>>> print(open('entry-v6.txt').read())   # compact mmCIF, C-alpha atoms
# COMPACT_ATOMS: atom_id res chain seq x y z
CA MET A 1 0.00 0.00 0.00
CA LYS A 2 1.07 3.57 -0.63
CA ILE A 3 1.64 6.10 2.13
CA ARG A 4 2.65 9.75 2.08
CA MET A 5 4.56 11.34 4.90
CA THR A 6 6.92 14.21 5.53
CA VAL A 7 10.34 13.15 6.74
CA ASN A 8 12.63 15.93 7.94
CA GLY A 9 10.63 18.45 5.95
CA VAL A 10 10.64 16.47 2.71
CA GLU A 11 7.36 15.08 1.43
CA THR A 12 7.68 11.52 0.40
CA SER A 13 5.38 8.92 -1.10
CA LEU A 14 6.30 5.25 -0.87
CA ASP A 15 5.05 1.71 -0.96
CA VAL A 16 4.99 -0.14 2.33
CA ASP A 17 3.87 -3.53 3.49
CA PRO A 18 0.93 -2.98 5.91
CA GLY A 19 2.71 -5.01 8.61
CA GLU A 20 6.01 -3.17 8.18
CA LYS A 21 7.23 -0.90 10.97
CA LEU A 22 8.04 2.77 10.51
CA LEU A 23 11.57 2.07 11.78
CA ASP A 24 12.31 -0.28 8.88
CA VAL A 25 10.73 2.05 6.32
CA LEU A 26 12.87 4.95 7.53
CA ARG A 27 16.09 2.92 7.51
CA ARG A 28 15.51 1.47 4.08
CA THR A 29 14.92 4.97 2.73
CA GLY A 30 18.26 6.18 4.05
CA HIS A 31 17.44 7.65 7.45
CA MET A 32 20.15 5.71 9.22
CA GLY A 33 20.12 7.93 12.31
CA VAL A 34 17.07 5.91 13.33
CA LYS A 35 18.74 2.99 15.08
CA LYS A 36 17.39 -0.50 15.48
CA GLY A 37 18.15 -1.70 18.98
CA CYS A 38 15.68 -4.04 20.64
CA GLY A 39 12.82 -3.77 18.16
CA SER A 40 10.36 -4.10 21.04
CA GLY A 41 9.91 -0.64 22.51
CA ASP A 42 12.39 -1.08 25.34
CA CYS A 43 15.55 0.77 24.28
CA GLY A 44 14.36 3.94 22.50
CA ALA A 45 17.18 3.95 19.92
CA CYS A 46 14.57 4.16 17.14
CA ALA A 47 12.76 7.19 18.56
CA VAL A 48 11.43 9.75 16.09
CA LEU A 49 9.20 12.78 16.44
CA PHE A 50 5.80 11.74 15.09
CA ASN A 51 3.65 14.85 14.69
CA GLY A 52 5.85 16.49 17.31
CA ARG A 53 5.87 13.69 19.91
CA ALA A 54 8.70 11.25 20.51
CA MET A 55 7.75 7.63 19.89
CA ASN A 56 9.40 4.27 19.33
CA SER A 57 9.28 3.85 15.53
CA CYS A 58 9.74 0.07 15.96
CA LEU A 59 6.20 -0.09 17.41
CA ILE A 60 4.50 2.00 14.73
CA PHE A 61 2.87 0.22 11.83
CA ALA A 62 3.98 2.06 8.69
CA PRO A 63 0.41 2.81 7.50
CA LYS A 64 -0.15 4.79 10.71
CA ALA A 65 2.43 7.28 9.42
CA ASP A 66 0.35 8.12 6.35
CA GLY A 67 -0.03 11.90 6.48
CA ALA A 68 2.33 12.24 9.45
CA ASP A 69 5.18 14.67 9.98
CA ILE A 70 8.27 12.68 10.98
CA VAL A 71 11.51 14.15 12.30
CA THR A 72 14.57 11.99 12.86
CA ALA A 73 17.71 13.05 14.72
CA GLU A 74 19.24 14.21 11.41
CA GLY A 75 16.25 16.47 10.90
CA LEU A 76 16.91 18.46 14.05
CA ALA A 77 19.74 20.29 12.27
CA GLU A 78 19.04 23.13 9.89
CA GLY A 79 21.28 22.41 6.94
CA ASP A 80 24.84 22.46 8.23
CA ARG A 81 23.86 24.23 11.42
CA LEU A 82 23.45 21.81 14.29
CA HIS A 83 20.52 22.12 16.64
CA PRO A 84 21.41 23.27 20.18
CA ILE A 85 20.48 19.79 21.40
CA GLN A 86 23.01 18.25 19.02
CA GLU A 87 25.62 20.86 19.96
CA ALA A 88 25.06 20.21 23.65
CA PHE A 89 25.38 16.43 23.28
CA LEU A 90 28.72 16.97 21.48
CA ALA A 91 30.01 19.58 23.92
CA GLU A 92 29.12 17.54 27.01
CA GLY A 93 30.58 14.30 25.65
CA ALA A 94 27.11 12.76 25.80
CA VAL A 95 27.51 11.06 22.44
CA GLN A 96 29.55 8.22 23.97
CA CYS A 97 29.37 5.25 21.56
CA GLY A 98 26.67 7.00 19.57
CA TYR A 99 24.10 4.26 19.29
CA CYS A 100 21.50 5.59 21.70
CA THR A 101 22.28 9.24 20.93
CA PRO A 102 19.73 9.89 18.16
CA GLY A 103 16.90 8.51 20.30
CA MET A 104 18.12 10.46 23.34
CA MET A 105 18.14 13.66 21.28
CA ILE A 106 14.63 13.01 19.98
CA SER A 107 13.31 12.47 23.52
CA THR A 108 15.13 15.67 24.52
CA ALA A 109 13.51 17.56 21.65
CA ASP A 110 10.04 16.44 22.78
CA LEU A 111 10.79 17.33 26.41
CA LEU A 112 12.28 20.77 25.70
CA SER A 113 9.54 21.70 23.24
CA ARG A 114 7.14 21.56 26.20
CA ASN A 115 9.38 22.47 29.09
CA ARG A 116 12.27 24.86 28.53
CA ASP A 117 13.52 24.58 32.10
CA PRO A 118 13.14 20.97 33.23
CA SER A 119 14.33 19.84 36.65
CA GLU A 120 16.82 16.97 36.80
CA GLU A 121 13.98 14.66 37.79
CA GLU A 122 11.96 15.78 34.77
CA ILE A 123 14.98 15.20 32.53
CA ARG A 124 15.49 11.69 33.93
CA GLU A 125 11.80 10.96 33.41
CA GLY A 126 11.96 12.45 29.90
CA LEU A 127 14.84 10.13 28.97
CA SER A 128 13.44 7.10 30.80
CA GLY A 129 12.50 5.34 27.57
CA ASN A 130 16.06 5.54 26.22
CA LEU A 131 18.65 3.00 27.33
CA CYS A 132 22.39 3.66 27.01
CA ARG A 133 24.40 0.51 26.41
CA CYS A 134 27.54 2.32 27.61
CA THR A 135 25.55 2.49 30.88
CA GLY A 136 26.24 6.14 31.56
CA TYR A 137 23.55 8.76 31.84
CA VAL A 138 25.27 11.65 33.61
CA LYS A 139 26.59 13.29 30.46
CA GLN A 140 23.26 13.04 28.67
CA ILE A 141 21.51 14.70 31.60
CA ASN A 142 24.13 17.45 31.58
CA ALA A 143 23.64 17.81 27.81
CA VAL A 144 19.89 18.24 28.21
CA LYS A 145 20.49 20.93 30.85
CA ALA A 146 22.97 22.67 28.54
CA ALA A 147 20.59 22.45 25.58
CA ALA A 148 17.77 23.86 27.69
CA ARG A 149 19.98 26.79 28.75
CA ALA A 150 20.97 27.44 25.13
CA MET A 151 17.39 27.26 23.91
CA ARG A 152 16.19 29.59 26.67
CA LYS A 153 18.73 32.11 25.46
CA GLY A 154 16.92 31.92 22.14
CA LYS A 155 19.81 30.49 20.18
CA SER A 156 17.46 28.23 18.32
CA ALA A 157 14.21 28.16 16.46
CA ASP A 158 11.52 25.98 18.00
CA VAL A 159 11.99 22.25 17.73
CA MET B 1 -2.07 -8.16 5.97
CA ARG B 2 -4.56 -5.36 5.55
CA TYR B 3 -4.44 -2.12 7.54
CA LEU B 4 -7.40 0.20 7.72
CA ARG B 5 -7.34 3.59 9.39
CA ALA B 6 -10.97 4.01 10.24
CA THR B 7 -12.50 7.44 9.73
CA SER B 8 -15.82 6.60 11.39
CA LEU B 9 -17.23 4.12 13.90
CA GLU B 10 -19.44 2.67 11.17
CA GLU B 11 -16.47 2.03 8.92
CA ALA B 12 -14.50 0.45 11.78
CA TRP B 13 -17.39 -1.76 12.85
CA SER B 14 -18.08 -2.87 9.31
CA ALA B 15 -14.41 -3.86 8.83
CA MET B 16 -14.50 -5.76 12.13
CA GLN B 17 -17.65 -7.60 11.05
CA GLU B 18 -16.23 -8.37 7.64
CA GLY B 19 -12.93 -9.62 9.08
CA GLY B 20 -14.55 -11.70 11.83
CA GLU B 21 -11.96 -13.65 13.76
CA THR B 22 -9.18 -12.37 11.47
CA ALA B 23 -9.73 -8.68 12.35
CA ARG B 24 -8.30 -6.84 15.34
CA ALA B 25 -8.97 -3.28 16.42
CA ILE B 26 -5.90 -1.28 17.46
CA GLY B 27 -5.20 2.09 19.01
CA GLY B 28 -1.47 2.85 19.13
CA GLY B 29 -0.89 -0.72 18.00
CA VAL B 30 1.85 -1.36 20.57
CA ASP B 31 0.83 -4.91 21.46
CA LEU B 32 0.12 -5.99 17.90
CA ALA B 33 3.40 -4.45 16.71
CA LEU B 34 5.17 -6.79 19.14
CA PHE B 35 3.16 -9.85 18.25
CA VAL B 36 0.50 -10.48 15.65
CA PRO B 37 -1.44 -13.59 16.68
CA ARG B 38 -1.77 -16.35 14.10
CA GLY B 39 -4.70 -15.83 11.79
CA VAL B 40 -4.96 -12.07 12.19
CA GLU B 41 -5.14 -10.53 8.73
CA THR B 42 -6.79 -7.16 9.22
CA LEU B 43 -5.84 -4.37 11.60
CA VAL B 44 -8.51 -1.75 12.12
CA ASP B 45 -6.84 1.37 13.49
CA ILE B 46 -9.42 3.33 15.48
CA SER B 47 -6.95 5.73 17.13
CA GLY B 48 -8.25 8.60 14.98
CA LEU B 49 -11.73 8.27 16.47
CA PHE B 50 -12.94 9.32 19.95
CA ARG B 51 -10.23 11.83 20.71
CA ASP B 52 -12.25 13.91 23.14
CA CYS B 53 -11.76 14.30 26.86
CA GLU B 54 -14.31 16.37 28.66
CA ASP B 55 -15.98 17.00 31.96
CA ALA B 56 -19.24 15.08 31.86
CA PRO B 57 -22.40 17.08 32.72
CA ASP B 58 -22.72 15.17 36.01
CA GLY B 59 -19.20 16.21 37.11
CA GLY B 60 -17.51 13.02 35.96
CA LEU B 61 -14.87 12.65 33.31
CA ARG B 62 -15.53 11.26 29.85
CA ILE B 63 -12.38 10.04 28.12
CA GLY B 64 -12.18 9.20 24.43
CA ALA B 65 -10.54 5.83 23.79
CA GLY B 66 -8.36 7.29 21.04
CA LEU B 67 -6.47 9.66 23.34
CA THR B 68 -2.89 8.70 24.02
CA LEU B 69 -1.84 8.29 27.64
CA THR B 70 0.21 11.48 27.26
CA GLU B 71 -2.75 13.42 25.88
CA LEU B 72 -4.91 12.29 28.78
CA ALA B 73 -2.18 13.14 31.31
CA GLU B 74 -1.84 16.62 29.79
CA SER B 75 -5.57 17.35 29.56
CA THR B 76 -6.91 19.97 31.94
CA SER B 77 -9.94 17.81 32.77
CA ALA B 78 -7.76 14.91 33.93
CA GLY B 79 -5.62 17.38 35.87
CA ARG B 80 -8.69 18.44 37.87
CA TYR B 81 -10.42 15.10 38.46
CA VAL B 82 -10.08 13.82 42.07
CA GLY B 83 -7.00 15.89 42.85
CA GLY B 84 -5.33 15.14 39.53
CA VAL B 85 -4.71 11.47 40.37
CA VAL B 86 -5.22 10.32 36.77
CA ALA B 87 -2.62 12.73 35.42
CA ASP B 88 -0.19 11.91 38.26
CA VAL B 89 -0.40 8.16 37.72
CA LEU B 90 -0.23 8.34 33.93
CA ARG B 91 3.00 10.33 34.11
CA ARG B 92 4.58 7.32 35.83
CA VAL B 93 3.34 4.67 33.39
CA ALA B 94 6.04 3.06 31.20
CA SER B 95 8.09 5.71 29.35
CA PRO B 96 7.20 8.93 27.51
CA LEU B 97 8.00 7.17 24.21
CA LEU B 98 5.33 4.56 24.94
CA ARG B 99 2.82 6.97 26.49
CA ASN B 100 2.96 9.10 23.34
CA LEU B 101 1.81 6.12 21.27
CA ALA B 102 -0.36 3.93 23.50
CA THR B 103 -4.02 4.90 23.67
CA VAL B 104 -6.45 4.72 26.56
CA GLY B 105 -8.68 2.29 24.66
CA GLY B 106 -5.76 0.10 23.64
CA THR B 107 -4.49 -0.02 27.20
CA LEU B 108 -7.85 -1.29 28.45
CA ALA B 109 -8.36 -3.68 25.53
CA SER B 110 -4.93 -5.24 26.05
CA ALA B 111 -6.00 -5.89 29.64
CA HIS B 112 -2.53 -6.65 30.95
CA PRO B 113 -2.65 -7.86 34.55
CA TRP B 114 0.28 -5.58 35.37
CA SER B 115 -1.41 -2.45 33.94
CA ASP B 116 -1.23 0.60 36.22
CA VAL B 117 -4.15 2.25 34.44
CA ILE B 118 -6.66 -0.55 34.99
CA PRO B 119 -6.57 -0.75 38.83
CA LEU B 120 -6.61 3.05 39.00
CA PHE B 121 -9.68 3.26 36.77
CA ILE B 122 -11.37 0.39 38.65
CA ALA B 123 -10.83 2.19 41.96
CA LEU B 124 -12.27 5.37 40.42
CA GLY B 125 -15.38 3.39 39.42
CA ALA B 126 -14.82 3.47 35.65
CA GLU B 127 -17.39 2.26 33.18
CA VAL B 128 -16.52 1.57 29.57
CA ASP B 129 -18.63 2.43 26.53
CA LEU B 130 -18.41 -0.26 23.89
CA HIS B 131 -19.73 -0.58 20.40
CA ALA B 132 -20.65 -4.07 19.25
CA GLY B 133 -23.23 -3.26 16.61
CA GLU B 134 -24.97 -1.25 19.27
CA ALA B 135 -23.71 0.80 22.17
CA ARG B 136 -23.40 -0.82 25.57
CA ARG B 137 -21.79 0.12 28.84
CA MET B 138 -19.91 -2.19 31.20
CA ALA B 139 -18.08 -1.71 34.46
CA LEU B 140 -14.36 -1.87 33.73
CA GLU B 141 -13.89 -4.40 36.52
CA ASP B 142 -16.25 -6.82 34.72
CA LEU B 143 -15.02 -6.01 31.22
CA VAL B 144 -11.36 -6.85 31.87
CA LEU B 145 -12.41 -10.34 33.01
CA ASP B 146 -14.69 -10.87 30.03
CA ARG B 147 -12.35 -11.61 27.14
CA ALA B 148 -15.25 -12.58 24.89
CA ALA B 149 -16.98 -9.21 25.31
CA MET B 150 -13.68 -7.41 24.76
CA ALA B 151 -12.64 -9.32 21.65
CA ARG B 152 -15.71 -8.55 19.62
CA ALA B 153 -16.33 -4.94 20.62
CA LEU B 154 -14.77 -1.54 20.05
CA ILE B 155 -14.03 0.58 23.11
CA THR B 156 -15.21 4.12 22.45
CA HIS B 157 -15.06 5.92 25.81
CA VAL B 158 -14.22 5.52 29.45
CA GLN B 159 -16.61 7.15 31.84
CA LEU B 160 -15.33 8.09 35.29
CA PRO B 161 -18.24 8.94 37.61
CA ALA B 162 -18.77 12.26 39.32
CA ALA B 163 -16.57 12.29 42.36
CA ALA B 164 -18.28 13.11 45.64
CA THR B 165 -17.13 16.19 47.52
CA GLY B 166 -14.12 15.24 49.57
CA ALA B 167 -13.25 12.24 47.38
CA LYS B 168 -9.56 11.37 47.39
CA ALA B 169 -7.57 8.77 45.54
CA ALA B 170 -4.01 7.47 45.63
CA PHE B 171 -1.93 4.93 43.76
CA GLU B 172 1.16 2.95 44.61
CA LYS B 173 3.23 0.53 42.59
CA PHE B 174 6.19 -1.64 43.43
CA THR B 175 8.82 -1.49 40.70
CA ARG B 176 12.50 -0.65 40.53
CA THR B 177 11.82 1.96 37.86
CA GLY B 178 8.60 3.28 36.39
CA PHE B 179 9.38 1.40 33.19
CA ASP B 180 9.40 -2.01 34.88
CA VAL B 181 6.45 -4.30 35.07
CA GLY B 182 5.61 -4.11 38.74
CA MET B 183 5.42 -6.84 41.35
CA LEU B 184 2.08 -5.43 42.49
CA ASN B 185 0.13 -2.20 42.33
CA CYS B 186 -2.65 -0.70 44.36
CA ALA B 187 -5.23 2.06 43.90
CA CYS B 188 -7.53 3.44 46.59
CA TYR B 189 -10.52 5.77 46.33
CA VAL B 190 -12.12 7.06 49.51
CA VAL B 191 -14.95 9.47 50.26
CA LEU B 192 -15.05 10.86 53.78
CA GLU B 193 -18.20 12.46 55.14
CA ASP B 194 -18.08 14.10 58.56
CA GLY B 195 -14.76 12.36 59.07
CA LEU B 196 -16.17 8.89 58.38
CA CYS B 197 -15.58 6.76 55.32
CA ARG B 198 -18.75 6.61 53.21
CA THR B 199 -17.33 5.06 50.04
CA ALA B 200 -14.21 2.97 49.56
CA ARG B 201 -12.84 1.22 46.52
CA ILE B 202 -9.51 -0.58 46.75
CA ALA B 203 -8.07 -2.34 43.71
CA LEU B 204 -4.97 -4.53 43.51
CA GLY B 205 -3.26 -5.31 40.20
CA GLY B 206 -0.37 -7.50 39.12
CA THR B 207 -1.14 -10.04 41.81
CA PRO B 208 -0.06 -11.39 39.17
CA ASP B 209 -3.62 -11.81 37.91
CA MET B 210 -5.98 -9.19 36.53
CA ALA B 211 -6.65 -6.18 38.72
CA ARG B 212 -9.74 -6.41 40.87
CA ARG B 213 -11.30 -4.86 43.94
CA VAL B 214 -10.65 -6.32 47.38
CA ARG B 215 -14.03 -5.82 48.98
CA GLU B 216 -12.93 -7.40 52.27
CA ALA B 217 -10.50 -4.51 52.73
CA GLU B 218 -13.08 -1.94 51.65
CA ALA B 219 -15.49 -3.29 54.29
CA ALA B 220 -12.89 -2.63 56.99
CA LEU B 221 -12.92 1.06 56.05
CA LEU B 222 -16.61 1.80 55.72
CA GLY B 223 -18.19 3.87 58.48
CA ARG B 224 -14.88 4.44 60.23
CA ALA B 225 -12.53 7.37 60.61
CA LEU B 226 -9.37 7.15 58.53
CA ASP B 227 -7.04 6.86 61.51
CA ASP B 228 -3.94 4.75 62.07
CA GLU B 229 -5.88 1.85 63.52
CA THR B 230 -8.37 1.70 60.61
CA ILE B 231 -5.56 1.99 58.08
CA ALA B 232 -3.60 -0.84 59.71
CA GLU B 233 -6.66 -3.07 59.85
CA THR B 234 -7.61 -2.33 56.24
CA ALA B 235 -4.09 -3.10 55.07
CA GLU B 236 -4.16 -6.38 56.98
CA ARG B 237 -7.53 -7.37 55.48
CA GLY B 238 -6.22 -6.44 52.03
CA ALA B 239 -3.15 -8.62 52.47
CA GLU B 240 -5.28 -11.58 53.56
CA ALA B 241 -7.77 -11.14 50.73
CA ALA B 242 -5.26 -10.29 47.99
CA PRO B 243 -5.51 -12.89 45.22
CA ALA B 244 -1.73 -13.30 45.45
CA ARG B 245 0.08 -16.02 43.55
CA ASP B 246 3.72 -16.91 42.88
CA ASP B 247 5.29 -16.04 39.54
CA GLN B 248 8.75 -15.08 38.25
CA ARG B 249 8.46 -11.53 39.65
CA ALA B 250 7.47 -12.23 43.24
CA SER B 251 6.17 -14.88 45.58
CA ALA B 252 2.60 -14.89 46.84
CA GLU B 253 3.95 -14.32 50.35
CA TYR B 254 5.90 -11.24 49.30
CA ARG B 255 2.92 -9.94 47.31
CA ARG B 256 0.80 -10.03 50.48
CA VAL B 257 3.39 -7.88 52.23
CA LEU B 258 3.33 -5.49 49.25
CA ALA B 259 -0.48 -5.41 49.21
CA ALA B 260 -0.52 -4.34 52.86
CA ALA B 261 2.20 -1.73 52.25
CA GLY B 262 0.47 -0.39 49.13
CA ILE B 263 -2.89 -0.03 50.83
CA ARG B 264 -1.31 1.55 53.91
CA ARG B 265 0.69 4.08 51.87
CA CYS B 266 -2.31 5.03 49.72
CA LEU B 267 -4.57 5.48 52.72
CA GLU B 268 -1.95 7.46 54.65
CA ARG B 269 -1.60 9.80 51.69
CA ILE B 270 -5.38 10.16 51.46
CA ALA B 271 -5.59 10.83 55.22
CA ALA B 272 -2.87 13.47 54.96
CA ALA B 273 -4.65 15.09 52.00
CA THR B 274 -7.89 15.33 53.96
CA GLY B 275 -6.08 17.33 56.61
CA GLY B 276 -5.42 14.95 59.44
CA GLN B 277 -6.52 11.53 60.45
CA SER B 278 -9.25 12.42 62.89
>>> encode(input="entry-v6.txt", output="structure tokens")
Amino acid sequence: MKIRMTVNGVETSLDVDPGEKLLDVLRRTGHMGVKKGCGSGDCGACAVLFNGRAMNSCLIFAPKADGADIVTAEGLAEGDRLHPIQEAFLAEGAVQCGYCTPGMMISTADLLSRNRDPSEEEIREGLSGNLCRCTGYVKQINAVKAAARAMRKGKSADV
Amino acid sequence: MRYLRATSLEEAWSAMQEGGETARAIGGGVDLALFVPRGVETLVDISGLFRDCEDAPDGGLRIGAGLTLTELAESTSAGRYVGGVVADVLRRVASPLLRNLATVGGTLASAHPWSDVIPLFIALGAEVDLHAGEARRMALEDLVLDRAAMARALITHVQLPAAATGAKAAFEKFTRTGFDVGMLNCACYVVLEDGLCRTARIALGGTPDMARRVREAEAALLGRALDDETIAETAERGAEAAPARDDQRASAEYRRVLAAAGIRRCLERIAAATGGQS
């Protein structure tokens, strides 16, 4: 069946199998920042913004995305200019091995779009669906705080 | 496989009728995305329908089945209902990534014994509006035990009744993190009138069986002041009456200890919120 969706601002029309997951559709169309970790909604590496909310793309049937606006971690940047969330993850060393990073940044984007000054507890809750296989979360939490500070200073357009 | 995003109840029901045993209704689709049972050929996505959440005319809360758990948690109506307990509990269910996808209707239809939402809604006295050719309403407590009724019907709304003045509710779950499936959970709803308990609903979930009320514990509360002695006795009754069983997460014995602790903590919080335990 055919679906139409917007991925990182680009309208796209493609054939999908009705049982296929959005994660697999995105990866096979070149959006490799969407990572496949567990494939069962536990790790959050596949998170994308789906109409502005962060979700596990491994749990979304592709036809559900018909008409949806999808943003992957790559889509946070504006051309060559990194998003403050991306800059903060780099500056704080929160990238670590890099596998969970795109999902972490997507969860951060959802959180900061609704709360520009989250407490540490709110940050931990906001990232609770994203597992880091390097088993370190301190730098990511610091990165979210730094991104929030940068975004409050108005360095960025809205997510 | 066929996937239909229904644009009306009629269209959804007709696809369910046509598909018979091979059709399944989905909201967010979380459970079906993890596992499609053998023989299922048609998914009827009804998450675009029933997306309203409003204060019912009688003072209750009417929740559209298509709302995501996040949308319900963020709604002003849920924030007001019985001290905001629905919003508070939903913010601790699973992870934001899952709450943004899972719907209220899907959560009830999946009827997981470890669900946090189901015991909370049972304690609040929820009724569920179903469509199975015609509209019908069932108490959530009965519906979650009636797989046959659930399988062949579409959930359209959840109706939480008007809360009496002074109604309080609390929820407690025993997990290492919010994301874990708990060892047990507990929801309490209490109405005090002139300092005495007029209404009490106590539900235990993840026992590890389906959430249900423990009426023996409720009976220990009725007509009494919510003081330390009543709370201790209610917790003890709840532990005795809890339908606890061993599984890989906890022993029956440990679950009884948790049931008592859950009930005690909920009731202590309710007592504190009513301004003292007199």
>>> closest_atom_pairs(input="entry-v6.txt", of="chain A", to="chain B", cutoff="8 Å", atoms="only C-alpha atoms", output="tab-separated table")
residue	atom	partner	partner_atom	distance
A:Asp17	CA	B:Met1	CA	7.9
A:Pro18	CA	B:Tyr3	CA	5.7
A:Gly19	CA	B:Met1	CA	6.3
A:Lys21	CA	B:Ala33	CA	7.8
A:Ser40	CA	B:Leu34	CA	6.1
A:Gly41	CA	B:Leu98	CA	7.3
A:Gly44	CA	B:Leu97	CA	7.3
A:Ala47	CA	B:Leu97	CA	7.4
A:Arg53	CA	B:Asn100	CA	6.4
A:Ala54	CA	B:Leu97	CA	5.6
A:Met55	CA	B:Leu97	CA	4.4
A:Asn56	CA	B:Leu97	CA	5.8
A:Cys58	CA	B:Ala33	CA	7.8
A:Leu59	CA	B:Ala33	CA	5.2
A:Ile60	CA	B:Ala33	CA	6.8
A:Phe61	CA	B:Ala33	CA	6.8
A:Pro63	CA	B:Tyr3	CA	6.9
A:Lys64	CA	B:Arg5	CA	7.4
A:Ser107	CA	B:Leu97	CA	7.5
A:Glu125	CA	B:Ser95	CA	7.6
A:Gly126	CA	B:Pro96	CA	6.4
A:Leu127	CA	B:Pro96	CA	7.9
A:Ser128	CA	B:Ser95	CA	5.7
A:Gly129	CA	B:Ser95	CA	4.8
>>> residues_around(input="entry-v6.txt", residues="segment 6-10 of chain A", least_positions_apart="6", cutoff="12 Å", atoms="all atoms listed in the file", output="MDAnalysis selection string")
chainID A and resid 22 25:27 29:31 33:34 48:52 65:79 159
>>> atom_distance(input="entry-v6.txt", atom1="atom CA of Phe50 of chain B", atom2="atom CA of Pro37 of chain B")
25.8 Å
>>> closest_residue(input="entry-v6.txt", among="A:Leu90, A:Val138, A:Ala147, A:Met104", to="Asp117 of chain A", atoms="only C-alpha atoms")
A:Ala147
>>> axis_aligned_box(input="entry-v6.txt", around="segment 107-117 of chain B", padding_each_side="5 Å", output="lines of an AutoDock Vina configuration file")
center_x = -4.0
center_y = -2.8
center_z = 30.9
size_x = 18.6
size_y = 20.1
size_z = 20.7
>>> decode(input="entry-v6.txt", residues="segment 33-68 of chain A", atoms="C-alpha atoms", output="mmCIF file, in the first residue's frame")
data_model
loop_
_atom_site.group_PDB
_atom_site.id
_atom_site.type_symbol
_atom_site.label_atom_id
_atom_site.label_comp_id
_atom_site.auth_asym_id
_atom_site.auth_seq_id
_atom_site.Cartn_x
_atom_site.Cartn_y
_atom_site.Cartn_z
ATOM 1 C CA GLY A 33 20.120 7.927 12.314
ATOM 2 C CA VAL A 34 17.070 5.915 13.333
ATOM 3 C CA LYS A 35 18.737 2.993 15.080
ATOM 4 C CA LYS A 36 17.390 -0.497 15.477
ATOM 5 C CA GLY A 37 18.146 -1.702 18.981
ATOM 6 C CA CYS A 38 15.685 -4.043 20.637
ATOM 7 C CA GLY A 39 12.821 -3.770 18.162
ATOM 8 C CA SER A 40 10.363 -4.101 21.035
ATOM 9 C CA GLY A 41 9.913 -0.642 22.512
ATOM 10 C CA ASP A 42 12.389 -1.077 25.341
ATOM 11 C CA CYS A 43 15.550 0.775 24.277
ATOM 12 C CA GLY A 44 14.363 3.939 22.497
ATOM 13 C CA ALA A 45 17.183 3.948 19.918
ATOM 14 C CA CYS A 46 14.572 4.156 17.144
ATOM 15 C CA ALA A 47 12.755 7.190 18.557
ATOM 16 C CA VAL A 48 11.429 9.747 16.087
ATOM 17 C CA LEU A 49 9.199 12.779 16.444
ATOM 18 C CA PHE A 50 5.802 11.743 15.092
ATOM 19 C CA ASN A 51 3.645 14.845 14.690
ATOM 20 C CA GLY A 52 5.851 16.489 17.312
ATOM 21 C CA ARG A 53 5.867 13.694 19.906
ATOM 22 C CA ALA A 54 8.705 11.255 20.506
ATOM 23 C CA MET A 55 7.749 7.628 19.887
ATOM 24 C CA ASN A 56 9.398 4.267 19.327
ATOM 25 C CA SER A 57 9.280 3.850 15.533
ATOM 26 C CA CYS A 58 9.741 0.069 15.965
ATOM 27 C CA LEU A 59 6.204 -0.093 17.411
ATOM 28 C CA ILE A 60 4.502 2.003 14.733
ATOM 29 C CA PHE A 61 2.866 0.219 11.831
ATOM 30 C CA ALA A 62 3.977 2.064 8.693
ATOM 31 C CA PRO A 63 0.411 2.815 7.504
ATOM 32 C CA LYS A 64 -0.149 4.792 10.707
ATOM 33 C CA ALA A 65 2.432 7.282 9.421
ATOM 34 C CA ASP A 66 0.346 8.119 6.349
ATOM 35 C CA GLY A 67 -0.026 11.903 6.479
ATOM 36 C CA ALA A 68 2.331 12.245 9.450
#
